[in-house]
Amino acid sequence: MKLISILGCGAIYVFAFLSNAQDNLSKSIARGKELYKESCITCHLANGEGIKDTFPPLAKADFLLKYPEKSIHAIKFGMKGAIKVNNVAYNNAMPPSGFADDEIADVMNYIRNSFGNKNPQLITEKMVAAVKEK
Amino acid sequence: MLAILAVSGLLMSHCNIAPQSTAPTDKNLTSETIVAGLSMPWSMAFLPDGRFLVTERTGKLRIVKDGQLDPQEIAGIPKVYYRGQGGLLDVALHPNYKENGWIYISYSSPKKEGEVGDDNGANTALMRAKLNGHELTNIEHLYKASPNVKGGVHFGGKILFDKKGYVFLSLGERGQKENAQRLNKAQGKIVRLHEDGKIPTDNPFVKTKDALPEIWSYGHRNPQGLVMHPTTGTIWAHEHGPQGGDELNIVEKGKNYGWPLITYGIDYDNSIISDKTEAPGMEQPVIYWKPSIAPCGMTFVNNPKFKDWNGDLLVGSLKFQNLEHLVIKGNKVVKKEIVFDKIGRVRDVKQGPDGNIYVVVESTGAIVKISPKS
């Protein structure tokens, strides 16, 4: 009986923890969407598909999914030069966003969970703060 | 034949003009990077002693001397709202700079106590000051657009002097498109001031109830090219439109340029902003760009050394990282071509006192000089 109640409590705890995490992620995504509309949409477009050969896509983009730190670095400090996204070459420049670390985390959570992308792991303000300029 | 000419003339006047595929005229020109190492440069001005002033959007005003970037920044720039497209913006010298030493600077100004609008918001401001060594002195805050708005888009910010003692400043609509049509909001407007910031009593809406007296023209989205035709004195402005709706306009007193009631573009989320491209009482652009090029910076070429370009416009493109050469006949663009492809994200294009063309490139942090091949 004791065991059952421990297991039960554990299950409730885990469930609460997961649903809380889920809730944090969806709240972050909602805030990120607004920031995306403010600063990202003119180049990467509403569907995250960018403009072939000019602005790289975010939708199902191997770069974004494979290199989250590089993506955070790009939003935080800007990015320029040659990159390959989904086997298409791009050579353009993105200015730094001027967003605070918590806002960058929100934008990351939005773009990693939109346009057909799905990634339940929450990007946090702490993770963004840990990315230093290279 | 005449009919074809007439029809093509009509098409030219109302449609986007496709770039021509003939050999570009830049083949007789040479380009050279004269300074690098700038961080997000936005604009430049030529001091009479040969030095340049350059704004960095991050909030620094820099000096370039003999191709060298002075490591010491100029002190006295106020706190700027560095976010999205905001920050330290334009720098321009008074036409009589040699006599009075006035330097005009525009920037995204964070909300101060007592100002109206959103907390943590900002809007575009204009100041002037004099340069003493590495310091700005005699700082005068001439104008701030109202209200403050939260968000990092559409600050405009281009400064232009006419030859009659007035200064013009372009203002973006700060992402609130409806306010471009409201005469009680300094958003999506071009304003005209006296050089000391006072508002001229003959501005078009001085006597209009509830209208801001500084307004010269309205219905703009985000104008970031503002120049005067060297012979006719007309003002030409280009603006970032929605997708497929960037425009080149001739700006006249009191006129409405239509945003967002008429536009050739659609919104960035693909929604329809307006099904109308023209309407009575609203001005048509000289040309529009479809697709958008994200125009930034512009100059008339006024130098016979550039024999293929003299009298024409050069427009920078942030998006396609090139310059567009627009051949001008009267008030029309009769041809356009891409020149200096892949030069980088162009923020500013100026003709220098030496008659050469200078291009401020954001992505490479450089200034590139374009001159005729000798």
# chains A, B, ... in the order shown; residues from 1 in each chain; ligands from 1
>>> interface_residues(of="chain B", to="chain A", cutoff="7 Å", atoms="only C-alpha atoms", output="list in words")
Tyr82, Arg83, Gly84, Gly151, Gly152, Val153, Tyr268, Asp269 and Ser363 of chain B
>>> write_last_selection(atoms="N, CA and C atoms", output="compact mmCIF listing (two decimals), in the first residue's frame")
# COMPACT_ATOMS: atom_id res chain seq x y z
N TYR B 82 19.01 50.31 -28.97
CA TYR B 82 19.64 49.40 -29.92
C TYR B 82 18.90 48.08 -29.89
N ARG B 83 18.00 47.95 -30.81
CA ARG B 83 17.17 46.74 -30.85
C ARG B 83 16.55 46.64 -32.24
N GLY B 84 16.50 45.43 -32.79
CA GLY B 84 15.92 45.28 -34.12
C GLY B 84 16.61 46.20 -35.11
N GLY B 151 9.16 47.92 -29.56
CA GLY B 151 9.40 47.12 -30.75
C GLY B 151 10.50 47.72 -31.59
N GLY B 152 11.16 46.87 -32.35
CA GLY B 152 12.41 47.28 -33.01
C GLY B 152 12.30 47.62 -34.48
N VAL B 153 11.08 47.87 -35.00
CA VAL B 153 10.99 48.08 -36.45
C VAL B 153 10.64 49.53 -36.83
N TYR B 268 4.03 40.55 -44.55
CA TYR B 268 5.03 39.50 -44.41
C TYR B 268 4.46 38.19 -43.89
N ASP B 269 3.25 38.22 -43.31
CA ASP B 269 2.61 36.95 -42.97
C ASP B 269 1.70 36.50 -44.11
N SER B 363 27.30 44.70 -43.62
CA SER B 363 27.73 43.33 -43.34
C SER B 363 29.24 43.20 -43.28
>>> select_by_dssp(residues="region 148-338 of chain B", states="strand (DSSP E)", output="VMD selection string")
chain B and resid 159 to 161 166 to 171 189 to 194 215 to 218 222 to 228 235 to 240 246 to 251 287 to 289 295 to 300 313 to 317 322 to 329 332 to 338
>>> write_last_selection(atoms="C-alpha atoms", output="PDB file, in the first residue's frame")
ATOM      1  CA  ILE B 159      18.090  63.638 -42.552  1.00  0.00           C
ATOM      2  CA  LEU B 160      17.965  66.035 -45.522  1.00  0.00           C
ATOM      3  CA  PHE B 161      18.674  69.755 -45.831  1.00  0.00           C
ATOM      4  CA  TYR B 166      14.895  73.705 -43.616  1.00  0.00           C
ATOM      5  CA  VAL B 167      15.760  70.230 -42.430  1.00  0.00           C
ATOM      6  CA  PHE B 168      13.662  67.158 -43.222  1.00  0.00           C
ATOM      7  CA  LEU B 169      13.569  63.929 -41.197  1.00  0.00           C
ATOM      8  CA  SER B 170      11.942  60.681 -42.302  1.00  0.00           C
ATOM      9  CA  LEU B 171       9.940  58.701 -39.740  1.00  0.00           C
ATOM     10  CA  LYS B 189       5.678  60.791 -41.840  1.00  0.00           C
ATOM     11  CA  ILE B 190       8.305  63.069 -43.279  1.00  0.00           C
ATOM     12  CA  VAL B 191       8.623  66.139 -41.060  1.00  0.00           C
ATOM     13  CA  ARG B 192      10.056  69.583 -41.862  1.00  0.00           C
ATOM     14  CA  LEU B 193      11.746  71.766 -39.270  1.00  0.00           C
ATOM     15  CA  HIS B 194      13.792  74.924 -39.180  1.00  0.00           C
ATOM     16  CA  ILE B 215       4.309  66.994 -40.743  1.00  0.00           C
ATOM     17  CA  TRP B 216       5.345  67.631 -44.356  1.00  0.00           C
ATOM     18  CA  SER B 217       3.984  64.421 -45.948  1.00  0.00           C
ATOM     19  CA  TYR B 218       2.282  61.266 -44.660  1.00  0.00           C
ATOM     20  CA  ASN B 222       9.628  53.162 -43.459  1.00  0.00           C
ATOM     21  CA  PRO B 223      11.522  55.718 -45.578  1.00  0.00           C
ATOM     22  CA  GLN B 224      15.298  55.208 -45.463  1.00  0.00           C
ATOM     23  CA  GLY B 225      16.401  57.089 -48.553  1.00  0.00           C
ATOM     24  CA  LEU B 226      15.884  60.859 -48.725  1.00  0.00           C
ATOM     25  CA  VAL B 227      17.632  63.070 -51.276  1.00  0.00           C
ATOM     26  CA  MET B 228      17.166  66.258 -53.236  1.00  0.00           C
ATOM     27  CA  ILE B 235      12.701  65.613 -52.874  1.00  0.00           C
ATOM     28  CA  TRP B 236      12.913  61.915 -53.666  1.00  0.00           C
ATOM     29  CA  ALA B 237      12.413  59.271 -50.998  1.00  0.00           C
ATOM     30  CA  HIS B 238      12.356  55.515 -51.054  1.00  0.00           C
ATOM     31  CA  GLU B 239      10.722  53.386 -48.424  1.00  0.00           C
ATOM     32  CA  HIS B 240      10.673  49.805 -47.255  1.00  0.00           C
ATOM     33  CA  ASP B 246       9.036  48.951 -51.707  1.00  0.00           C
ATOM     34  CA  GLU B 247       8.520  52.373 -53.296  1.00  0.00           C
ATOM     35  CA  LEU B 248      10.348  55.347 -54.760  1.00  0.00           C
ATOM     36  CA  ASN B 249       8.338  58.555 -54.319  1.00  0.00           C
ATOM     37  CA  ILE B 250       8.646  62.236 -55.104  1.00  0.00           C
ATOM     38  CA  VAL B 251       7.739  63.887 -51.823  1.00  0.00           C
ATOM     39  CA  ILE B 287       8.387  52.933 -59.247  1.00  0.00           C
ATOM     40  CA  TYR B 288       7.858  50.061 -56.853  1.00  0.00           C
ATOM     41  CA  TRP B 289       9.996  46.982 -56.378  1.00  0.00           C
ATOM     42  CA  PRO B 295      16.184  49.905 -50.200  1.00  0.00           C
ATOM     43  CA  CYS B 296      18.518  51.787 -47.903  1.00  0.00           C
ATOM     44  CA  GLY B 297      20.538  54.852 -48.771  1.00  0.00           C
ATOM     45  CA  MET B 298      20.364  56.706 -52.070  1.00  0.00           C
ATOM     46  CA  THR B 299      22.157  59.425 -53.960  1.00  0.00           C
ATOM     47  CA  PHE B 300      21.785  61.371 -57.144  1.00  0.00           C
ATOM     48  CA  LEU B 313      19.936  57.656 -58.904  1.00  0.00           C
ATOM     49  CA  LEU B 314      21.886  54.972 -57.096  1.00  0.00           C
ATOM     50  CA  VAL B 315      19.890  52.986 -54.539  1.00  0.00           C
ATOM     51  CA  GLY B 316      21.341  50.537 -52.014  1.00  0.00           C
ATOM     52  CA  SER B 317      19.778  47.139 -51.369  1.00  0.00           C
ATOM     53  CA  ASN B 322      23.928  45.330 -54.437  1.00  0.00           C
ATOM     54  CA  LEU B 323      23.279  48.772 -55.865  1.00  0.00           C
ATOM     55  CA  GLU B 324      20.569  49.633 -58.322  1.00  0.00           C
ATOM     56  CA  HIS B 325      21.265  52.259 -60.950  1.00  0.00           C
ATOM     57  CA  LEU B 326      18.004  53.988 -61.905  1.00  0.00           C
ATOM     58  CA  VAL B 327      18.161  56.002 -65.114  1.00  0.00           C
ATOM     59  CA  ILE B 328      16.152  59.172 -64.545  1.00  0.00           C
ATOM     60  CA  LYS B 329      14.392  61.234 -67.219  1.00  0.00           C
ATOM     61  CA  LYS B 332      10.461  59.082 -64.339  1.00  0.00           C
ATOM     62  CA  VAL B 333      12.687  56.047 -64.021  1.00  0.00           C
ATOM     63  CA  VAL B 334      13.174  54.805 -67.587  1.00  0.00           C
ATOM     64  CA  LYS B 335      15.556  51.921 -66.941  1.00  0.00           C
ATOM     65  CA  LYS B 336      17.172  50.138 -64.053  1.00  0.00           C
ATOM     66  CA  GLU B 337      20.117  47.817 -63.675  1.00  0.00           C
ATOM     67  CA  ILE B 338      21.964  46.045 -60.888  1.00  0.00           C
TER      68      ILE B 338
END
>>> atom_distance(atom1="CA of Gly245 (chain B)", atom2="CA of Tyr264 (chain B)")
4.8 Å
>>> residues_around(residues="region 135-141 of chain B", least_positions_apart="3", cutoff="10 Å", atoms="only C-alpha atoms", output="PyMOL selection string")
chain B and resi 61+73-78+102-105+125-132+144+196-197
>>> write_last_selection(atoms="C-alpha atoms", output="CSV table (one decimal), in the first residue's frame")
chain,number,residue,atom,x,y,z
B,61,LEU,CA,30.0,58.0,-33.7
B,73,GLU,CA,34.9,57.0,-30.4
B,74,ILE,CA,33.4,60.5,-30.2
B,75,ALA,CA,31.9,61.2,-26.8
B,76,GLY,CA,28.5,62.7,-26.3
B,77,ILE,CA,26.1,60.5,-28.1
B,78,PRO,CA,23.0,59.9,-26.0
B,102,TRP,CA,26.7,72.0,-36.8
B,103,ILE,CA,26.5,68.2,-37.1
B,104,TYR,CA,23.0,66.7,-37.2
B,105,ILE,CA,22.4,63.2,-35.9
B,125,ALA,CA,14.9,61.8,-32.5
B,126,LEU,CA,17.0,64.5,-34.1
B,127,MET,CA,19.9,66.4,-32.4
B,128,ARG,CA,22.7,68.7,-33.4
B,129,ALA,CA,26.1,69.3,-31.9
B,130,LYS,CA,29.6,70.6,-32.7
B,131,LEU,CA,32.7,68.5,-32.8
B,132,ASN,CA,35.6,69.5,-30.5
B,144,LYS,CA,11.5,63.7,-31.0
B,196,ASP,CA,17.1,75.0,-35.0
B,197,GLY,CA,14.2,72.6,-34.5
>>> closest_residue(among="A:His73, A:Arg112, A:Lys84, A:Lys52", to="Lys33 (chain A)", atoms="only C-alpha atoms")
A:Arg112
>>> atom_distance(atom1="CA of Ile29 (chain A)", atom2="CA of Pro242 (chain B)")
24.8 Å
>>> select_by_dssp(residues="chain A", states="alpha helix (DSSP H)", output="VMD selection string")
chain A and resid 2 to 39 41 to 44 62 to 66 68 to 77 101 to 111 125 to 129
>>> write_last_selection(atoms="C-alpha atoms", output="mmCIF file, in the first residue's frame")
data_model
loop_
_atom_site.group_PDB
_atom_site.id
_atom_site.type_symbol
_atom_site.label_atom_id
_atom_site.label_comp_id
_atom_site.auth_asym_id
_atom_site.auth_seq_id
_atom_site.Cartn_x
_atom_site.Cartn_y
_atom_site.Cartn_z
ATOM 1 C CA LYS A 2 2.808 2.298 0.996
ATOM 2 C CA LEU A 3 4.635 1.394 -2.186
ATOM 3 C CA ILE A 4 1.578 2.140 -4.279
ATOM 4 C CA SER A 5 1.115 5.530 -2.689
ATOM 5 C CA ILE A 6 4.813 6.345 -3.209
ATOM 6 C CA LEU A 7 4.530 5.296 -6.828
ATOM 7 C CA GLY A 8 1.300 7.257 -7.143
ATOM 8 C CA CYS A 9 2.843 10.385 -5.648
ATOM 9 C CA GLY A 10 5.862 9.916 -7.891
ATOM 10 C CA ALA A 11 3.669 9.613 -10.950
ATOM 11 C CA ILE A 12 1.711 12.733 -10.006
ATOM 12 C CA TYR A 13 4.955 14.567 -9.382
ATOM 13 C CA VAL A 14 6.431 13.503 -12.722
ATOM 14 C CA PHE A 15 3.213 14.357 -14.511
ATOM 15 C CA ALA A 16 3.058 17.766 -12.846
ATOM 16 C CA PHE A 17 6.702 18.368 -13.671
ATOM 17 C CA LEU A 18 6.237 17.419 -17.313
ATOM 18 C CA SER A 19 3.064 19.395 -17.776
ATOM 19 C CA ASN A 20 4.724 22.377 -16.116
ATOM 20 C CA ALA A 21 7.665 22.054 -18.503
ATOM 21 C CA GLN A 22 5.215 21.748 -21.371
ATOM 22 C CA ASP A 23 3.474 24.867 -20.140
ATOM 23 C CA ASN A 24 6.782 26.775 -19.920
ATOM 24 C CA LEU A 25 7.611 25.760 -23.458
ATOM 25 C CA SER A 26 4.274 26.797 -24.894
ATOM 26 C CA LYS A 27 4.417 30.152 -23.075
ATOM 27 C CA SER A 28 7.941 30.745 -24.359
ATOM 28 C CA ILE A 29 6.853 29.828 -27.901
ATOM 29 C CA ALA A 30 3.972 32.311 -27.726
ATOM 30 C CA ARG A 31 6.312 35.143 -26.628
ATOM 31 C CA GLY A 32 8.836 34.084 -29.267
ATOM 32 C CA LYS A 33 6.225 34.323 -31.996
ATOM 33 C CA GLU A 34 5.672 38.014 -31.270
ATOM 34 C CA LEU A 35 9.429 38.691 -31.353
ATOM 35 C CA TYR A 36 9.711 36.714 -34.587
ATOM 36 C CA LYS A 37 7.048 38.931 -36.168
ATOM 37 C CA GLU A 38 8.998 41.974 -34.985
ATOM 38 C CA SER A 39 12.489 41.163 -36.174
ATOM 39 C CA ILE A 41 9.758 37.690 -40.453
ATOM 40 C CA THR A 42 10.903 40.135 -43.142
ATOM 41 C CA CYS A 43 13.755 37.833 -44.197
ATOM 42 C CA HIS A 44 12.816 34.345 -42.994
ATOM 43 C CA ASP A 62 19.419 21.128 -40.699
ATOM 44 C CA PHE A 63 21.537 24.079 -39.511
ATOM 45 C CA LEU A 64 19.026 25.156 -36.879
ATOM 46 C CA LEU A 65 18.302 21.627 -35.703
ATOM 47 C CA LYS A 66 21.919 20.438 -35.686
ATOM 48 C CA PRO A 68 21.362 25.242 -31.673
ATOM 49 C CA GLU A 69 24.388 27.025 -30.141
ATOM 50 C CA LYS A 70 25.380 28.466 -33.520
ATOM 51 C CA SER A 71 21.808 29.605 -34.042
ATOM 52 C CA ILE A 72 21.761 31.288 -30.616
ATOM 53 C CA HIS A 73 25.129 32.870 -31.432
ATOM 54 C CA ALA A 74 23.708 34.224 -34.699
ATOM 55 C CA ILE A 75 20.680 35.809 -33.014
ATOM 56 C CA LYS A 76 22.825 37.217 -30.200
ATOM 57 C CA PHE A 77 25.858 38.490 -32.105
ATOM 58 C CA ASP A 101 18.873 36.544 -23.386
ATOM 59 C CA ASP A 102 15.358 35.541 -22.267
ATOM 60 C CA GLU A 103 13.945 36.898 -25.520
ATOM 61 C CA ILE A 104 16.486 34.956 -27.579
ATOM 62 C CA ALA A 105 15.435 31.803 -25.705
ATOM 63 C CA ASP A 106 11.798 32.581 -26.606
ATOM 64 C CA VAL A 107 12.608 33.089 -30.287
ATOM 65 C CA MET A 108 14.639 29.872 -30.360
ATOM 66 C CA ASN A 109 11.764 27.953 -28.781
ATOM 67 C CA TYR A 110 9.393 29.413 -31.355
ATOM 68 C CA ILE A 111 11.503 28.626 -34.429
ATOM 69 C CA GLU A 125 17.777 32.061 -20.656
ATOM 70 C CA LYS A 126 20.697 30.359 -18.876
ATOM 71 C CA MET A 127 21.635 28.430 -22.007
ATOM 72 C CA VAL A 128 21.598 31.631 -24.047
ATOM 73 C CA ALA A 129 23.700 33.438 -21.439
#
>>> residues_around(residues="Gly355 (chain B)", least_positions_apart="6", cutoff="10 Å", atoms="only C-alpha atoms", output="PyMOL selection string")
chain B and resi 301-306+370-371
>>> atom_distance(atom1="CA of Phe52 (chain B)", atom2="CA of Val64 (chain B)")
5.1 Å
>>> closest_residue(among="B:Gly86, B:Pro372, B:Gly344, B:Gly258", to="Ile357 (chain B)", atoms="only C-alpha atoms")
B:Pro372
>>> residues_around(residues="region 36-47 of chain B", least_positions_apart="5", cutoff="7 Å", atoms="only C-alpha atoms", output="list in words")
Phe52, Leu53, Val54, Thr55, Glu56, Arg57, Thr58, Leu89, Asp90, Val91, Ala92, Leu93, Arg347, Asp348, Gly352, Val360, Val361, Glu362, Gly365, Ala366 and Ile367 of chain B
